[in-house]
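Novice: Pasting target_24.cif here (mmCIF, C-alpha atoms and all ligand atoms):
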data_query
#
loop_
_atom_site.label_atom_id
_atom_site.label_comp_id
_atom_site.auth_asym_id
_atom_site.auth_seq_id
_atom_site.Cartn_x
_atom_site.Cartn_y
_atom_site.Cartn_z
CA MET F 1 -16.83 -37.88 -7.18
CA SER F 2 -18.91 -39.47 -4.41
CA PRO F 3 -20.49 -37.32 -1.70
CA SER F 4 -18.88 -39.41 1.04
CA ALA F 5 -16.55 -37.69 3.45
CA TYR F 6 -12.95 -37.01 2.48
CA ASP F 7 -10.10 -36.30 4.83
CA VAL F 8 -9.44 -33.09 2.93
CA VAL F 9 -11.36 -31.04 0.37
CA ILE F 10 -9.23 -28.43 -1.41
CA VAL F 11 -10.90 -25.49 -3.13
CA GLY F 12 -8.61 -24.25 -5.91
CA ALA F 13 -6.35 -26.19 -8.27
CA GLY F 14 -3.84 -23.45 -9.05
CA ILE F 15 -0.23 -24.19 -8.18
CA VAL F 16 -0.91 -23.88 -4.43
CA GLY F 17 -4.00 -26.12 -4.39
CA ALA F 18 -2.23 -28.59 -6.69
CA ALA F 19 0.82 -28.76 -4.42
CA CYS F 20 -1.44 -29.26 -1.38
CA ALA F 21 -3.39 -32.04 -3.15
CA ASP F 22 -0.14 -33.79 -4.03
CA GLU F 23 1.27 -33.49 -0.51
CA PHE F 24 -1.91 -34.63 1.26
CA ALA F 25 -2.46 -37.54 -1.14
CA ARG F 26 1.14 -38.76 -0.93
CA ARG F 27 0.81 -38.79 2.86
CA GLY F 28 -2.09 -41.21 2.53
CA MET F 29 -5.11 -38.93 2.99
CA ARG F 30 -8.36 -39.12 1.00
CA VAL F 31 -8.35 -35.91 -1.02
CA ALA F 32 -10.87 -34.09 -3.22
CA VAL F 33 -9.98 -31.00 -5.26
CA VAL F 34 -12.51 -28.60 -6.79
CA ASP F 35 -11.87 -25.74 -9.24
CA ARG F 36 -14.16 -23.78 -11.52
CA ASP F 37 -11.55 -22.69 -14.14
CA VAL F 38 -7.80 -22.96 -13.66
CA ALA F 39 -7.20 -20.82 -16.76
CA GLU F 40 -8.59 -17.82 -14.84
CA GLY F 41 -6.19 -18.16 -11.89
CA ALA F 42 -2.90 -16.41 -11.22
CA THR F 43 -1.00 -19.62 -11.98
CA ALA F 44 -2.02 -19.37 -15.63
CA ALA F 45 -0.78 -15.76 -15.75
CA GLY F 46 2.38 -15.93 -13.64
CA MET F 47 5.96 -15.70 -14.78
CA GLY F 48 7.27 -18.90 -13.18
CA HIS F 49 10.34 -17.39 -11.55
CA ILE F 50 11.54 -19.56 -8.65
CA VAL F 51 13.29 -16.90 -6.66
CA VAL F 52 14.79 -16.46 -3.20
CA MET F 53 13.56 -13.20 -1.67
CA ASP F 54 14.79 -11.48 1.47
CA ASP F 55 12.17 -8.90 2.35
CA SER F 56 11.92 -10.52 5.81
CA GLU F 57 13.40 -13.58 7.53
CA ALA F 58 10.06 -15.35 7.13
CA GLN F 59 9.92 -14.57 3.41
CA PHE F 60 13.50 -15.76 2.98
CA ALA F 61 12.84 -19.00 4.89
CA LEU F 62 9.76 -19.89 2.82
CA THR F 63 11.24 -19.00 -0.57
CA ARG F 64 14.55 -20.77 0.07
CA TYR F 65 12.91 -23.89 1.50
CA SER F 66 10.53 -24.05 -1.44
CA GLN F 67 13.30 -23.47 -3.96
CA GLN F 68 15.12 -26.47 -2.52
CA LEU F 69 11.93 -28.54 -2.82
CA TRP F 70 11.68 -27.54 -6.50
CA GLN F 71 15.33 -28.55 -7.01
CA ALA F 72 14.57 -31.95 -5.48
CA LEU F 73 11.46 -32.34 -7.65
CA ARG F 74 13.23 -31.36 -10.85
CA PRO F 75 14.11 -34.90 -12.07
CA GLU F 76 10.43 -35.84 -11.91
CA LEU F 77 9.00 -32.76 -13.60
CA PRO F 78 7.72 -33.29 -17.15
CA ASP F 79 9.67 -31.77 -20.01
CA ASP F 80 6.92 -29.28 -20.79
CA ALA F 81 7.37 -27.68 -17.34
CA GLU F 82 10.65 -26.36 -18.82
CA TYR F 83 12.46 -26.04 -15.50
CA GLU F 84 15.64 -24.08 -16.26
CA PRO F 85 18.16 -23.16 -13.56
CA CYS F 86 19.11 -19.96 -15.39
CA GLY F 87 19.72 -17.86 -12.25
CA THR F 88 18.62 -14.31 -11.52
CA ILE F 89 20.63 -11.15 -12.03
CA TRP F 90 19.45 -8.24 -9.89
CA VAL F 91 20.48 -5.26 -12.01
CA ALA F 92 21.90 -2.17 -10.29
CA ALA F 93 21.49 1.11 -12.16
CA ASP F 94 23.72 3.23 -9.91
CA GLU F 95 25.99 3.19 -6.87
CA ALA F 96 23.07 3.39 -4.43
CA GLU F 97 21.71 0.18 -5.94
CA MET F 98 25.20 -1.36 -5.79
CA ALA F 99 25.06 -0.83 -2.02
CA GLU F 100 21.88 -2.94 -2.05
CA VAL F 101 23.73 -5.55 -4.15
CA GLN F 102 26.39 -5.75 -1.42
CA ARG F 103 23.76 -6.02 1.31
CA LYS F 104 21.93 -8.83 -0.50
CA HIS F 105 25.25 -10.58 -1.17
CA ARG F 106 26.13 -10.54 2.56
CA TYR F 107 22.59 -11.56 3.61
CA CYS F 108 22.48 -14.51 1.22
CA GLY F 109 26.04 -15.57 2.02
CA GLU F 110 25.27 -15.70 5.74
CA ARG F 111 22.35 -18.03 4.96
CA GLY F 112 24.09 -20.39 2.54
CA VAL F 113 22.75 -19.02 -0.75
CA PRO F 114 25.56 -18.60 -3.29
CA THR F 115 25.65 -15.21 -5.01
CA THR F 116 28.22 -13.34 -7.11
CA VAL F 117 28.67 -9.57 -7.25
CA LEU F 118 29.01 -8.35 -10.85
CA ASP F 119 30.77 -5.08 -11.59
CA ALA F 120 30.09 -2.73 -14.50
CA GLN F 121 32.47 -4.73 -16.78
CA ARG F 122 31.21 -8.22 -15.89
CA LEU F 123 27.47 -7.47 -16.20
CA PRO F 124 27.50 -6.87 -19.99
CA GLN F 125 29.64 -9.96 -20.52
CA LEU F 126 26.81 -12.04 -19.02
CA GLU F 127 23.96 -10.03 -20.56
CA PRO F 128 25.21 -8.13 -23.64
CA ASN F 129 21.79 -6.70 -24.52
CA LEU F 130 21.47 -4.58 -21.38
CA ARG F 131 21.98 -0.86 -21.98
CA ASP F 132 25.40 0.72 -21.40
CA GLY F 133 26.22 2.54 -18.20
CA LEU F 134 24.70 0.22 -15.60
CA ALA F 135 26.60 -0.06 -12.32
CA GLY F 136 26.58 -3.88 -11.97
CA GLY F 137 24.41 -6.53 -10.41
CA LEU F 138 24.05 -9.62 -8.27
CA LEU F 139 23.91 -13.11 -9.77
CA VAL F 140 21.82 -15.57 -7.74
CA ALA F 141 22.75 -18.78 -9.54
CA GLU F 142 20.29 -21.19 -7.91
CA ASP F 143 17.16 -19.28 -8.95
CA ALA F 144 15.24 -20.95 -11.77
CA VAL F 145 12.25 -20.58 -14.09
CA LEU F 146 9.48 -22.95 -15.10
CA ILE F 147 6.07 -23.05 -16.78
CA ALA F 148 3.75 -23.02 -13.80
CA PRO F 149 0.53 -24.43 -15.35
CA CYS F 150 2.47 -27.50 -16.55
CA ALA F 151 4.01 -27.96 -13.11
CA ALA F 152 0.55 -27.61 -11.51
CA ARG F 153 -0.90 -30.17 -13.91
CA PHE F 154 1.92 -32.57 -13.00
CA LEU F 155 1.19 -32.14 -9.25
CA ILE F 156 -2.54 -32.72 -9.77
CA GLU F 157 -1.89 -35.83 -11.85
CA ARG F 158 0.51 -37.17 -9.23
CA ALA F 159 -2.12 -36.53 -6.55
CA GLN F 160 -4.63 -38.48 -8.67
CA LYS F 161 -2.20 -41.40 -8.88
CA HIS F 162 -2.30 -41.39 -5.07
CA GLY F 163 -6.09 -41.50 -5.04
CA ALA F 164 -7.10 -37.82 -5.12
CA GLU F 165 -10.37 -37.04 -6.89
CA VAL F 166 -10.47 -33.89 -8.98
CA ARG F 167 -13.57 -32.01 -10.07
CA LEU F 168 -12.87 -29.24 -12.57
CA GLY F 169 -15.50 -26.86 -13.96
CA ALA F 170 -17.25 -26.82 -10.57
CA SER F 171 -17.89 -23.55 -8.81
CA VAL F 172 -17.93 -23.46 -5.01
CA VAL F 173 -20.56 -21.14 -3.57
CA GLN F 174 -19.97 -21.84 0.11
CA MET F 175 -17.44 -23.64 2.30
CA GLY F 176 -17.13 -24.24 6.04
CA GLN F 177 -18.22 -26.51 8.89
CA GLY F 178 -16.76 -29.48 7.03
CA GLN F 179 -18.82 -28.89 3.87
CA VAL F 180 -18.17 -27.53 0.41
CA GLN F 181 -21.24 -26.59 -1.57
CA LEU F 182 -21.14 -26.35 -5.36
CA SER F 183 -23.28 -24.07 -7.53
CA ASP F 184 -25.27 -27.10 -8.79
CA GLY F 185 -26.28 -27.90 -5.20
CA PHE F 186 -23.86 -30.84 -4.82
CA GLU F 187 -22.18 -31.01 -1.41
CA ILE F 188 -18.81 -32.53 -0.56
CA ALA F 189 -17.93 -33.30 3.04
CA GLY F 190 -14.42 -33.22 4.41
CA LYS F 191 -12.84 -33.34 7.84
CA ILE F 192 -10.71 -30.44 6.66
CA ILE F 193 -11.49 -27.85 4.00
CA VAL F 194 -8.56 -25.96 2.48
CA ASN F 195 -9.22 -22.56 0.96
CA ALA F 196 -6.63 -22.33 -1.85
CA ALA F 197 -8.76 -20.02 -3.98
CA GLY F 198 -5.99 -17.42 -4.44
CA ALA F 199 -7.29 -13.88 -4.91
CA TRP F 200 -10.89 -15.15 -4.53
CA ALA F 201 -10.30 -16.66 -1.06
CA PRO F 202 -12.23 -13.89 0.77
CA GLU F 203 -15.39 -14.68 -1.23
CA LEU F 204 -15.44 -18.12 0.42
CA THR F 205 -14.04 -17.35 3.86
CA GLY F 206 -15.43 -14.09 5.16
CA GLY F 207 -12.88 -11.98 7.00
CA VAL F 208 -9.82 -13.13 5.04
CA GLU F 209 -8.37 -9.75 4.13
CA ILE F 210 -6.72 -10.18 0.77
CA LYS F 211 -6.62 -7.58 -1.95
CA LYS F 212 -6.42 -8.38 -5.66
CA ARG F 213 -3.21 -7.04 -7.18
CA LYS F 214 -3.39 -7.14 -10.96
CA GLY F 215 -0.33 -7.91 -13.10
CA HIS F 216 0.43 -7.82 -16.85
CA LEU F 217 2.87 -9.99 -18.75
CA VAL F 218 3.99 -9.74 -22.39
CA ILE F 219 5.29 -12.78 -24.29
CA THR F 220 7.48 -12.12 -27.31
CA ASP F 221 8.22 -14.09 -30.43
CA ARG F 222 11.33 -16.34 -30.41
CA TYR F 223 14.73 -14.68 -30.05
CA PRO F 224 17.10 -17.50 -29.04
CA GLY F 225 20.24 -16.37 -27.18
CA PHE F 226 19.06 -12.80 -26.63
CA LEU F 227 18.59 -13.27 -22.88
CA ARG F 228 20.33 -15.77 -20.58
CA HIS F 229 19.15 -15.05 -17.03
CA GLN F 230 16.03 -13.74 -15.34
CA LEU F 231 16.84 -10.03 -15.08
CA VAL F 232 15.18 -7.88 -12.45
CA GLU F 233 15.91 -4.25 -11.66
CA LEU F 234 16.68 -3.63 -8.02
CA GLY F 235 13.93 -1.03 -8.16
CA TYR F 236 11.55 -4.04 -8.43
CA LEU F 237 11.66 -4.26 -4.68
CA LYS F 238 10.34 -0.70 -4.41
CA SER F 239 7.59 -1.60 -6.88
CA ALA F 240 6.61 -4.79 -5.05
CA HIS F 241 6.52 -2.98 -1.70
CA SER F 242 4.79 0.09 -3.02
CA ILE F 243 1.38 0.79 -1.61
CA ALA F 244 0.71 3.17 -4.51
CA ARG F 245 -2.15 2.08 -6.75
CA ASP F 246 0.02 1.36 -9.83
CA SER F 247 3.70 0.52 -10.24
CA VAL F 248 5.95 -1.11 -12.87
CA ALA F 249 9.45 -2.60 -12.87
CA PHE F 250 11.88 -4.14 -15.35
CA ASN F 251 11.64 -7.92 -15.01
CA VAL F 252 12.38 -10.22 -17.97
CA GLN F 253 12.61 -13.97 -18.28
CA PRO F 254 14.18 -16.24 -20.92
CA ARG F 255 12.22 -19.26 -22.07
CA ARG F 256 13.62 -22.45 -23.60
CA THR F 257 11.87 -21.59 -26.88
CA GLY F 258 13.76 -18.29 -27.15
CA GLN F 259 10.64 -16.38 -26.18
CA ILE F 260 10.96 -13.64 -23.58
CA LEU F 261 8.46 -12.85 -20.86
CA ILE F 262 8.36 -9.15 -20.06
CA GLY F 263 6.94 -7.91 -16.76
CA SER F 264 5.98 -6.59 -14.43
CA SER F 265 3.13 -4.38 -13.30
CA ARG F 266 1.19 -4.12 -10.03
CA GLN F 267 -2.21 -2.51 -9.64
CA TYR F 268 -4.58 -2.36 -6.70
CA GLY F 269 -8.23 -1.63 -7.36
CA ALA F 270 -8.21 -3.01 -10.93
CA GLU F 271 -10.79 -5.80 -10.84
CA HIS F 272 -11.15 -6.49 -14.58
CA LYS F 273 -8.91 -8.91 -16.52
CA ASP F 274 -8.76 -6.67 -19.61
CA VAL F 275 -5.36 -5.39 -20.70
CA ASP F 276 -4.82 -1.84 -19.46
CA GLU F 277 -3.03 -0.18 -22.40
CA GLU F 278 -1.67 2.67 -20.30
CA ILE F 279 0.03 0.51 -17.68
CA LEU F 280 1.18 -1.90 -20.39
CA GLU F 281 2.94 0.91 -22.27
CA HIS F 282 4.44 2.16 -19.01
CA MET F 283 5.74 -1.37 -18.25
CA LEU F 284 7.23 -1.83 -21.75
CA ALA F 285 8.84 1.61 -21.65
CA ARG F 286 10.57 0.61 -18.40
CA ALA F 287 11.79 -2.61 -20.04
CA ARG F 288 13.16 -0.67 -23.04
CA GLU F 289 15.06 1.63 -20.67
CA TYR F 290 17.09 -1.38 -19.54
CA MET F 291 17.15 -3.39 -22.81
CA PRO F 292 16.57 -1.05 -25.75
CA ALA F 293 16.38 -3.90 -28.32
CA LEU F 294 13.22 -5.17 -26.66
CA GLY F 295 11.54 -2.29 -28.48
CA THR F 296 12.21 -4.00 -31.84
CA MET F 297 10.68 -7.32 -30.83
CA ALA F 298 7.30 -8.70 -31.77
CA ALA F 299 4.89 -9.50 -28.95
CA VAL F 300 2.73 -12.55 -29.54
CA HIS F 301 0.57 -12.44 -26.44
CA THR F 302 -0.30 -10.33 -23.40
CA ARG F 303 -1.90 -11.81 -20.31
CA THR F 304 -3.12 -10.52 -16.99
CA GLY F 305 -3.74 -12.10 -13.61
CA PHE F 306 -4.52 -11.31 -10.01
CA ARG F 307 -2.04 -11.76 -7.19
CA ALA F 308 -3.52 -12.32 -3.73
CA ALA F 309 -1.93 -9.60 -1.59
CA THR F 310 -1.83 -9.55 2.22
CA PRO F 311 -0.83 -6.43 4.13
CA ASP F 312 2.41 -7.87 5.57
CA LYS F 313 3.49 -9.54 2.29
CA LEU F 314 3.41 -13.02 3.83
CA PRO F 315 0.97 -15.76 2.82
CA LEU F 316 -1.74 -17.21 5.05
CA ILE F 317 -0.98 -20.87 5.74
CA GLY F 318 -2.72 -22.71 8.56
CA PRO F 319 -5.94 -22.92 10.58
CA TRP F 320 -8.60 -20.24 10.16
CA PRO F 321 -9.63 -19.03 13.63
CA GLY F 322 -13.29 -18.72 12.67
CA ASP F 323 -13.92 -22.41 11.82
CA THR F 324 -12.02 -25.46 13.10
CA THR F 325 -12.54 -27.32 9.81
CA VAL F 326 -11.11 -24.56 7.60
CA PHE F 327 -7.43 -24.08 6.74
CA LEU F 328 -6.02 -21.38 4.48
CA ALA F 329 -3.33 -21.68 1.80
CA THR F 330 -3.53 -18.33 0.05
CA GLY F 331 -2.18 -14.77 0.01
CA HIS F 332 1.05 -15.55 -1.88
CA GLU F 333 1.07 -12.29 -3.91
CA GLY F 334 3.95 -12.46 -6.44
CA LEU F 335 5.63 -15.54 -4.98
CA GLY F 336 3.07 -18.32 -5.05
CA ILE F 337 4.77 -20.34 -7.76
CA THR F 338 8.03 -20.23 -5.84
CA THR F 339 6.48 -20.98 -2.46
CA SER F 340 3.74 -23.49 -3.41
CA LEU F 341 5.71 -26.62 -2.52
CA ALA F 342 6.79 -25.29 0.89
CA THR F 343 3.25 -24.06 1.55
CA ALA F 344 1.93 -27.57 1.00
CA ARG F 345 4.61 -29.13 3.20
CA ILE F 346 4.08 -26.85 6.17
CA LEU F 347 0.29 -26.97 5.87
CA VAL F 348 0.25 -30.76 5.92
CA ASP F 349 2.83 -30.78 8.75
CA GLN F 350 0.44 -28.67 10.83
CA ILE F 351 -2.43 -31.05 10.20
CA THR F 352 -0.46 -34.24 10.81
CA GLY F 353 1.40 -32.79 13.80
CA GLU F 354 4.82 -33.25 12.21
CA LYS F 355 7.62 -30.80 12.88
CA SER F 356 8.30 -28.52 9.91
CA GLU F 357 11.70 -27.71 8.45
CA ILE F 358 11.08 -23.99 9.03
CA PRO F 359 9.17 -22.08 11.75
CA ILE F 360 5.51 -21.95 10.71
CA GLU F 361 4.17 -19.24 13.03
CA PRO F 362 4.91 -16.26 10.72
CA TYR F 363 2.38 -17.62 8.20
CA TRP F 364 -0.46 -18.43 10.60
CA PRO F 365 -3.69 -16.68 9.62
CA SER F 366 -4.23 -15.78 13.29
CA ARG F 367 -1.36 -13.25 13.12
CA ALA F 368 -3.37 -11.29 10.65
CA GLY F 369 -5.78 -9.45 12.89
CA LYS F 370 -2.96 -7.23 14.12
CA GLU F 371 -1.65 -6.52 10.63
CA PHE F 372 -4.83 -6.07 8.64
CA SER F 373 -5.83 -2.86 10.36
CA ARG F 374 -2.93 -1.22 8.49
CA MET F 375 -4.23 -2.24 5.04
C1 LIG F 401 1.72 -11.27 -13.83
C2 LIG F 401 2.11 -12.18 -12.69
C3 LIG F 401 3.42 -12.66 -12.61
C4 LIG F 401 3.79 -13.52 -11.57
N1 LIG F 401 5.06 -14.01 -11.54
C5 LIG F 401 5.42 -14.88 -10.56
C6 LIG F 401 6.73 -15.44 -10.54
O1 LIG F 401 7.53 -15.19 -11.41
N2 LIG F 401 7.05 -16.28 -9.50
C7 LIG F 401 6.16 -16.60 -8.52
O2 LIG F 401 6.52 -17.34 -7.59
N3 LIG F 401 4.89 -16.09 -8.54
C8 LIG F 401 4.52 -15.25 -9.52
N4 LIG F 401 3.27 -14.71 -9.54
C9 LIG F 401 2.35 -15.05 -8.46
C10 LIG F 401 1.76 -16.41 -8.68
O3 LIG F 401 1.25 -16.51 -10.00
C11 LIG F 401 0.65 -16.64 -7.65
O4 LIG F 401 1.10 -16.33 -6.35
C12 LIG F 401 0.23 -18.11 -7.68
O5 LIG F 401 -0.09 -18.53 -8.99
C13 LIG F 401 -0.96 -18.30 -6.75
O6 LIG F 401 -1.42 -19.62 -6.90
P1 LIG F 401 -2.77 -20.05 -6.24
O7 LIG F 401 -2.94 -21.50 -6.53
O8 LIG F 401 -2.81 -19.58 -4.82
O9 LIG F 401 -3.88 -19.16 -6.95
P2 LIG F 401 -4.53 -19.30 -8.40
O10 LIG F 401 -3.60 -19.80 -9.40
O11 LIG F 401 -5.22 -18.00 -8.66
O12 LIG F 401 -5.61 -20.45 -8.18
C14 LIG F 401 -6.79 -20.23 -7.45
C15 LIG F 401 -7.82 -21.15 -8.06
O13 LIG F 401 -9.00 -21.09 -7.27
C16 LIG F 401 -10.11 -21.25 -8.15
N5 LIG F 401 -11.28 -20.70 -7.53
C17 LIG F 401 -11.44 -19.46 -7.00
N6 LIG F 401 -12.68 -19.31 -6.51
C18 LIG F 401 -13.33 -20.49 -6.73
C19 LIG F 401 -14.65 -20.94 -6.45
N7 LIG F 401 -15.56 -20.16 -5.88
N8 LIG F 401 -14.98 -22.19 -6.85
C20 LIG F 401 -14.08 -23.01 -7.46
N9 LIG F 401 -12.80 -22.61 -7.72
C21 LIG F 401 -12.44 -21.38 -7.37
C22 LIG F 401 -9.69 -20.46 -9.40
O14 LIG F 401 -10.39 -20.94 -10.55
C23 LIG F 401 -8.19 -20.75 -9.47
O15 LIG F 401 -7.87 -21.79 -10.37
C24 LIG F 401 2.84 -13.86 -10.57
C25 LIG F 401 1.54 -13.40 -10.67
C26 LIG F 401 1.15 -12.57 -11.71
C27 LIG F 401 -0.26 -12.11 -11.79
#
Could you quickly redo this structure as structure tokens?
Specialist:
Amino acid sequence: MSPSAYDVVIVGAGIVGAACADEFARRGMRVAVVDRDVAEGATAAGMGHIVVMDDSEAQFALTRYSQQLWQALRPELPDDAEYEPCGTIWVAADEAEMAEVQRKHRYCGERGVPTTVLDAQRLPQLEPNLRDGLAGGLLVAEDAVLIAPCAARFLIERAQKHGAEVRLGASVVQMGQGQVQLSDGFEIAGKIIVNAAGAWAPELTGGVEIKKRKGHLVITDRYPGFLRHQLVELGYLKSAHSIARDSVAFNVQPRRTGQILIGSSRQYGAEHKDVDEEILEHMLARAREYMPALGTMAAVHTRTGFRAATPDKLPLIGPWPGDTTVFLATGHEGLGITTSLATARILVDQITGEKSEIPIEPYWPSRAGKEFSRM
């Protein structure tokens, strides 16, 4: 990598940095990407659920737009990205949760997302291994799953084909004023510097208020046919919104191999990557409540990662008010795999002055000053 100026230097080659590199490079810009260790990022730990969420209009717009970008990209994705349009079923335990099913069904229908309400008889026909006595659910057929590190690798490689230069194993110690400085003293100049360092973004751009939110994921041995859809308890929304230190929810994903990913946990204030046995057991107990046979399965691997959480649950995409050369693409919490492609599109739109498909203002970092005081 030469020290000459690039149009854009991206710090972070997780799924968000990779998508940005691809988008900038394909639009003809000279791009450099730097990452110290992609295996340590959230992308290597995430579940790979491409999911439409409706916590707010802005969250819906970004997730839906990005999901459609993934659908368009699907024919080009490599086989090992294992994109599977398996759909999500939001599982309702009782009548109160069925009311939420109906609300989601109306909300999605009004915005062109096809969903199907499942009653107590239909749910076990689609997922026979769920426990008896559940009230029903909502099938969101266009949701999908993929293996995020493979998708990120594909995006980086495509960026390289369009001239991007990639420097892995390089730690950034400082960025700003059009410069990125590496730990070995090497400096890279760019007209624009993108902070896509996920949960570590505040270490490089002071004042970015992101908290690390740790998650655990268990990967089982192969049980082909056991699970057909991504299943998420409706209580997941309470867990994701919770400001309590620790929370867990039933969230399971089928993989092409027959393996099952079991999530999910959320912890603030847990800075170490080690597996926390207590929260892990709590998470697995919740999973067994919904699918008792999970308790008989062999786990082959457990991984942890850090989500980058903002106070208003929306990512930070756009110019950083403190430095005209710095742009942010971070703060995606539990949705960065879903929203990476849309993040890249709207970030590059802002820089090239093109009109975006969705309103971009809700994601501007400058909104944050008002919100962060509540964190
Ligand atoms: C358990 C779990 C399950 C999840 N499930 C899903 C899901 O199903 N669907 C979904 O959409 N999202 C999910 N997420 C969230 C998703 O994984 C993240 O939002 C997404 O991966 C964020 O991508 P990123 O590129 O911003 O960050 P990361 O993947 O963390 O990448 C940041 C990169 O920056 C690099 N970096 C940081 N500091 C420096 C530095 N100083 N110098 C050089 N490089 C640096 C790191 O090495 C890293 O590679 C999940 C997350 C977790 C933890």
Novice: Report the distance between atom N1 of ligand LIG 401 (chain F) and atom CA of F:Gly48 in Å, rounded to one decimal place.
Specialist: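 These two atoms are separated by 5.6 Å.
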Novice: Have a look at F:Tyr290, F:Tyr83, F:Trp200, F:Phe327 and name the one nearest to F:Ser171; count all atoms listed in the file.
Specialist: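 Closest residue, counting all atoms listed in the file: F:Trp200.
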Novice: Between F:Ser66, F:Gln125, F:Gln160, F:Ser183, which one has atoms that come closest to F:Arg36, using only C-alpha atoms?
Specialist: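 Among the listed residues, the smallest separation from F:Arg36 belongs to F:Ser183.
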Novice: Compute the set of protein, DNA and RNA residues whose minimum atom distance to ligand LIG 401 (chain F) is at most 6 Å, using all atoms listed in the file, and state it as an NGL selection string.
Specialist: :F and (11-17 or 34-38 or 40-43 or 45-50 or 170-173 or 196-200 or 214-217 or 304-307 or 330 or 332-338)
Novice: Can you work out which one of F:Phe154, F:Ala18, F:Thr325, F:Val145 has the shortest atom-to-atom distance to F:Leu261, counting only C-alpha atoms?
Specialist: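 Comparing F:Phe154, F:Ala18, F:Thr325, F:Val145 against F:Leu261, the winner is F:Val145.
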Novice: Out of F:Val252, F:Val208, F:Ala58, F:Ile147, which residue has the shortest atom-to-atom distance to F:Pro321 when counting only C-alpha atoms?
Specialist: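 Ranked by minimum distance to F:Pro321, first place goes to F:Val208.
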Novice: Contacts of F:Met283 at 12 Å or less, counting only C-alpha atoms, minus same-chain residues fewer than 3 places along, as a ChimeraX atom specification?
Specialist: /F:215-218,236,239,246-252,262-267,276-280,286-290,294-295,302
Novice: Out of F:Ala144, F:Val348, F:Leu126, F:Ile192, which residue has the shortest atom-to-atom distance to F:Gly225 when counting all atoms listed in the file?
Specialist: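 Residue with the minimum atom-to-atom distance to F:Gly225: F:Leu126.
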Novice: From the options F:Arg74, F:Gln179, F:Asp312, F:Ile10, which residue's atoms come nearest to F:Glu209, counting all atoms listed in the file?
Specialist: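 Answer, going by the shortest atom-to-atom distance: F:Asp312.
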Novice: Report, in Å with one decimal, the straight-line distance from atom CA of F:Ala96 to atom CA of F:Glu233.
Specialist: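 Computed distance, atom CA of F:Ala96 to atom CA of F:Glu233, equals 12.7 Å.
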Novice: Grab the atom CA of F:Val300 to atom CA of F:Val232 distance for me, in Å with one decimal place.
Specialist: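 Computed distance, atom CA of F:Val300 to atom CA of F:Val232, equals 21.7 Å.
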Novice: Do you know which residues are at most 10 Å from F:Cys20 counting all atoms listed in the file, after dropping those on the same chain fewer than 6 positions away, and could you put them as a list in words?
Specialist: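 That gives Val8, Ile10, Gly12, Ala13, Gly14, Arg26, Val31, Val33, Leu155, Ile156, Ala159, Val194, Ala196, Ala329, Ser340, Leu341, Ala342, Thr343, Ala344, Arg345, Ile346, Leu347 and Val348 of chain F.
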Novice: Would you pick out the contacts of F:Gly331 at 6 Å or less, using only C-alpha atoms, so that residues sharing its chain but fewer than 4 positions from it are not included, and give the list as a list in words?
Specialist: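 Surrounding residues, per the criterion: Ala308, Ala309, Thr310, Pro315 and Leu316 of chain F.
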Novice: List the spatial neighbours of F:Pro365 as number ranges by chain - criterion: any atom at most 8 Å away, all atoms listed in the file, same-chain residues fewer than 3 positions off excluded.
Specialist: F: 316-321, 328, 368
